[in-house]
Amino acid sequence: MSAQLFEDQDAVNAAYEDVRSDSTSTTWVILEYNDKKLYISATGDDYDECMKHLDETKRAYVYIRLIVGDELSKRPKFAFISWIGFDVPPLKKARVSTDKSFVKSIFQSFAKEFLCSEKADLLESNIRKGIEKAGGANYGIGK
């Protein structure tokens, strides 16, 4: 079933590895539906640009890399975001829950998973806080 879900599973695998790589500038990839199949709709390195691709009519999956930590320990962490816009019909919304497991079979390594349907949920500060909280203590040097 999973191979049938993706227009080009090899391209999705490559995009995942690109986001995870320390040697590229790519920090996110978005998968969207084209009729019944998922395809890579966009990739990039700017968080705000990524969020502009998500609107009320879309269902999408986002794999994103953020640098988190305190001043003593900065490190990349990854988030998996399922986006379901408010204007998505109910049957298409329901399909996200079943298809998500296939997407996660590729986007395997992440610190935190988010299900979002409001733009406010996608604020970088909210995603960053969720990742930091999932990652445990930030020790820092204090103030």
# chains A, B, ... in the order shown; residues from 1 in each chain; ligands from 1
$ residues_around --residues "Trp28 in chain A" --least-positions-apart "3" --cutoff "12 Å" --atoms "only C-alpha atoms" --output "MDAnalysis selection string"
chainID A and resid 12 15:21 24:25 31 40:51 53 61:66 77:81 107
$ write_last_selection --atoms "N, CA, C and O atoms" --output "tab-separated table (two decimals), in the first residue's frame"
chain	number	residue	atom	x	y	z
A	12	VAL	N	10.78	10.94	-2.31
A	12	VAL	CA	10.42	11.24	-0.93
A	12	VAL	C	11.53	10.79	0.01
A	12	VAL	O	11.93	11.52	0.93
A	15	ALA	N	14.36	13.26	-0.31
A	15	ALA	CA	14.05	14.54	0.33
A	15	ALA	C	14.19	14.44	1.85
A	15	ALA	O	14.69	15.36	2.51
A	16	TYR	N	13.76	13.33	2.41
A	16	TYR	CA	13.92	13.08	3.85
A	16	TYR	C	15.40	13.10	4.22
A	16	TYR	O	15.80	13.77	5.18
A	17	GLU	N	16.22	12.40	3.46
A	17	GLU	CA	17.66	12.36	3.75
A	17	GLU	C	18.29	13.73	3.57
A	17	GLU	O	19.21	14.09	4.30
A	18	ASP	N	17.79	14.51	2.62
A	18	ASP	CA	18.30	15.86	2.40
A	18	ASP	C	18.05	16.75	3.62
A	18	ASP	O	18.94	17.48	4.05
A	19	VAL	N	16.86	16.68	4.19
A	19	VAL	CA	16.54	17.46	5.39
A	19	VAL	C	17.41	17.02	6.56
A	19	VAL	O	17.89	17.84	7.34
A	20	ARG	N	17.67	15.74	6.68
A	20	ARG	CA	18.46	15.21	7.79
A	20	ARG	C	19.96	15.50	7.65
A	20	ARG	O	20.68	15.52	8.64
A	21	SER	N	20.41	15.76	6.45
A	21	SER	CA	21.83	15.91	6.19
A	21	SER	C	22.40	17.22	6.75
A	21	SER	O	21.80	18.28	6.60
A	24	THR	N	23.67	19.89	3.71
A	24	THR	CA	22.81	20.66	2.80
A	24	THR	C	22.10	21.75	3.58
A	24	THR	O	22.00	21.70	4.81
A	25	SER	N	21.58	22.72	2.86
A	25	SER	CA	20.86	23.82	3.52
A	25	SER	C	19.37	23.53	3.66
A	25	SER	O	18.65	24.29	4.32
A	31	LEU	N	4.91	17.24	1.86
A	31	LEU	CA	4.19	16.31	1.00
A	31	LEU	C	2.73	16.72	0.98
A	31	LEU	O	2.14	16.95	2.04
A	40	ILE	N	6.00	15.53	-3.44
A	40	ILE	CA	6.76	16.60	-2.81
A	40	ILE	C	6.30	17.91	-3.43
A	40	ILE	O	6.56	18.16	-4.61
A	41	SER	N	5.62	18.73	-2.64
A	41	SER	CA	5.12	19.99	-3.18
A	41	SER	C	6.14	21.11	-3.04
A	41	SER	O	6.13	22.06	-3.83
A	42	ALA	N	7.02	21.01	-2.04
A	42	ALA	CA	8.02	22.06	-1.85
A	42	ALA	C	9.09	21.59	-0.87
A	42	ALA	O	8.82	20.74	-0.01
A	43	THR	N	10.27	22.17	-1.01
A	43	THR	CA	11.35	22.01	-0.04
A	43	THR	C	12.02	23.37	0.10
A	43	THR	O	11.84	24.24	-0.75
A	44	GLY	N	12.77	23.55	1.17
A	44	GLY	CA	13.46	24.83	1.32
A	44	GLY	C	14.23	24.92	2.60
A	44	GLY	O	14.42	23.93	3.31
A	45	ASP	N	14.64	26.16	2.92
A	45	ASP	CA	15.45	26.38	4.11
A	45	ASP	C	14.97	27.53	4.98
A	45	ASP	O	15.65	27.93	5.91
A	46	ASP	N	13.79	28.07	4.69
A	46	ASP	CA	13.24	29.18	5.47
A	46	ASP	C	11.91	28.77	6.07
A	46	ASP	O	10.98	28.40	5.34
A	47	TYR	N	11.82	28.82	7.40
A	47	TYR	CA	10.62	28.35	8.11
A	47	TYR	C	9.37	29.08	7.63
A	47	TYR	O	8.34	28.46	7.36
A	48	ASP	N	9.43	30.40	7.53
A	48	ASP	CA	8.25	31.18	7.12
A	48	ASP	C	7.79	30.80	5.72
A	48	ASP	O	6.59	30.73	5.45
A	49	GLU	N	8.74	30.55	4.83
A	49	GLU	CA	8.40	30.13	3.47
A	49	GLU	C	7.65	28.79	3.51
A	49	GLU	O	6.66	28.59	2.81
A	50	CYS	N	8.11	27.90	4.36
A	50	CYS	CA	7.46	26.60	4.50
A	50	CYS	C	5.99	26.77	4.90
A	50	CYS	O	5.09	26.19	4.30
A	51	MET	N	5.76	27.60	5.89
A	51	MET	CA	4.40	27.77	6.40
A	51	MET	C	3.47	28.43	5.40
A	51	MET	O	2.26	28.22	5.44
A	53	HIS	N	3.09	27.65	2.43
A	53	HIS	CA	2.56	26.61	1.54
A	53	HIS	C	1.32	25.93	2.12
A	53	HIS	O	0.63	25.20	1.40
A	61	TYR	N	1.89	16.90	4.93
A	61	TYR	CA	2.81	16.38	5.93
A	61	TYR	C	4.11	17.15	5.77
A	61	TYR	O	4.62	17.30	4.66
A	62	VAL	N	4.63	17.63	6.89
A	62	VAL	CA	5.86	18.43	6.87
A	62	VAL	C	6.89	17.74	7.74
A	62	VAL	O	6.60	17.34	8.87
A	63	TYR	N	8.10	17.62	7.20
A	63	TYR	CA	9.24	17.15	7.98
A	63	TYR	C	10.19	18.32	8.04
A	63	TYR	O	10.58	18.86	7.00
A	64	ILE	N	10.53	18.75	9.26
A	64	ILE	CA	11.28	19.99	9.42
A	64	ILE	C	12.42	19.84	10.42
A	64	ILE	O	12.28	19.11	11.41
A	65	ARG	N	13.50	20.53	10.13
A	65	ARG	CA	14.70	20.52	10.97
A	65	ARG	C	14.82	21.89	11.63
A	65	ARG	O	14.77	22.92	10.96
A	66	LEU	N	15.00	21.89	12.95
A	66	LEU	CA	15.25	23.12	13.70
A	66	LEU	C	16.48	22.92	14.56
A	66	LEU	O	16.72	21.83	15.07
A	77	LYS	N	17.20	19.15	15.65
A	77	LYS	CA	16.10	18.27	16.05
A	77	LYS	C	15.05	18.36	14.96
A	77	LYS	O	14.95	19.36	14.24
A	78	PHE	N	14.24	17.33	14.86
A	78	PHE	CA	13.29	17.23	13.76
A	78	PHE	C	11.87	17.11	14.29
A	78	PHE	O	11.63	16.54	15.35
A	79	ALA	N	10.94	17.66	13.50
A	79	ALA	CA	9.52	17.58	13.84
A	79	ALA	C	8.76	17.02	12.64
A	79	ALA	O	9.14	17.25	11.49
A	80	PHE	N	7.71	16.30	12.95
A	80	PHE	CA	6.80	15.79	11.93
A	80	PHE	C	5.46	16.47	12.16
A	80	PHE	O	4.89	16.38	13.25
A	81	ILE	N	4.98	17.17	11.15
A	81	ILE	CA	3.72	17.93	11.26
A	81	ILE	C	2.71	17.38	10.27
A	81	ILE	O	2.99	17.28	9.07
A	107	PHE	N	9.49	9.14	7.11
A	107	PHE	CA	9.93	10.21	8.02
A	107	PHE	C	10.00	9.64	9.43
A	107	PHE	O	9.18	9.94	10.28
$ select_by_dssp --residues "chain A" --states "strand (DSSP E or B)" --output "PyMOL selection string"
chain A and resi 6+28-34+37-44+59-70+73-84+112-116
$ closest_residue --among "A:Glu7, A:Glu118, A:Thr57, A:Asn13" --to "Lys104 in chain A" --atoms "only C-alpha atoms"
A:Asn13
$ closest_residue --among "A:Phe86, A:Asp10, A:Gln4, A:Lys52" --to "Ile106 in chain A" --atoms "only C-alpha atoms"
A:Asp10
$ residues_around --residues "Glu132 in chain A" --least-positions-apart "4" --cutoff "12 Å" --atoms "only C-alpha atoms" --output "PyMOL selection string"
chain A and resi 66-70+74-79+110-112+125-128+136-139
$ residues_around --residues "Glu56 in chain A" --least-positions-apart "5" --cutoff "9 Å" --atoms "only C-alpha atoms" --output "ChimeraX atom specification"
/A:84-88,117-119
$ atom_distance --atom1 "CA of Lys37 in chain A" --atom2 "CA of Arg59 in chain A"
11.6 Å
$ select_by_dssp --residues "chain A" --states "alpha helix (DSSP H)" --output "JSON, numbers by chain"
{"A": [2, 3, 4, 5, 9, 10, 11, 12, 13, 14, 15, 16, 17, 18, 19, 20, 47, 48, 49, 50, 51, 52, 90, 91, 92, 93, 94, 95, 96, 97, 98, 99, 100, 101, 102, 103, 104, 124, 125, 126, 127, 128, 129, 130, 131, 132, 133, 134, 135]}
$ write_last_selection --atoms "C-alpha atoms" --output "short mmCIF file (atom, residue, chain, number, x, y, z; two decimals), in the first residue's frame"
data_model
loop_
_atom_site.label_atom_id
_atom_site.label_comp_id
_atom_site.auth_asym_id
_atom_site.auth_seq_id
_atom_site.Cartn_x
_atom_site.Cartn_y
_atom_site.Cartn_z
CA SER A 2 2.71 2.54 0.91
CA ALA A 3 4.37 2.42 -2.52
CA GLN A 4 0.97 3.11 -4.07
CA LEU A 5 0.48 6.16 -1.84
CA GLN A 9 8.73 7.11 -3.17
CA ASP A 10 12.43 7.32 -4.09
CA ALA A 11 12.14 11.12 -4.33
CA VAL A 12 10.42 11.24 -0.93
CA ASN A 13 13.19 9.11 0.59
CA ALA A 14 15.82 11.41 -0.95
CA ALA A 15 14.05 14.54 0.33
CA TYR A 16 13.92 13.08 3.85
CA GLU A 17 17.66 12.36 3.75
CA ASP A 18 18.30 15.86 2.40
CA VAL A 19 16.54 17.46 5.39
CA ARG A 20 18.46 15.21 7.79
CA TYR A 47 10.62 28.35 8.11
CA ASP A 48 8.25 31.18 7.12
CA GLU A 49 8.40 30.13 3.47
CA CYS A 50 7.46 26.60 4.50
CA MET A 51 4.40 27.77 6.40
CA LYS A 52 3.18 29.85 3.44
CA PRO A 90 -14.47 15.31 6.24
CA LEU A 91 -13.63 12.17 4.22
CA LYS A 92 -10.30 13.65 3.15
CA LYS A 93 -9.58 14.68 6.75
CA ALA A 94 -10.21 11.10 7.86
CA ARG A 95 -7.77 9.74 5.28
CA VAL A 96 -4.91 11.65 6.91
CA SER A 97 -5.05 9.40 9.98
CA THR A 98 -4.54 6.24 7.92
CA ASP A 99 -2.03 7.66 5.44
CA LYS A 100 0.07 9.24 8.19
CA SER A 101 1.47 5.86 9.24
CA PHE A 102 2.84 5.31 5.73
CA VAL A 103 4.45 8.75 5.69
CA LYS A 104 5.98 8.05 9.11
CA GLU A 124 7.90 28.56 14.82
CA SER A 125 8.00 29.38 18.53
CA ASN A 126 5.28 26.77 19.22
CA ILE A 127 7.03 24.06 17.20
CA ARG A 128 10.39 24.94 18.76
CA LYS A 129 8.95 24.80 22.32
CA GLY A 130 7.38 21.41 21.60
CA ILE A 131 10.68 20.02 20.35
CA GLU A 132 12.62 21.45 23.29
CA LYS A 133 10.14 20.06 25.78
CA ALA A 134 10.30 16.62 24.14
CA GLY A 135 14.09 16.77 24.19
#
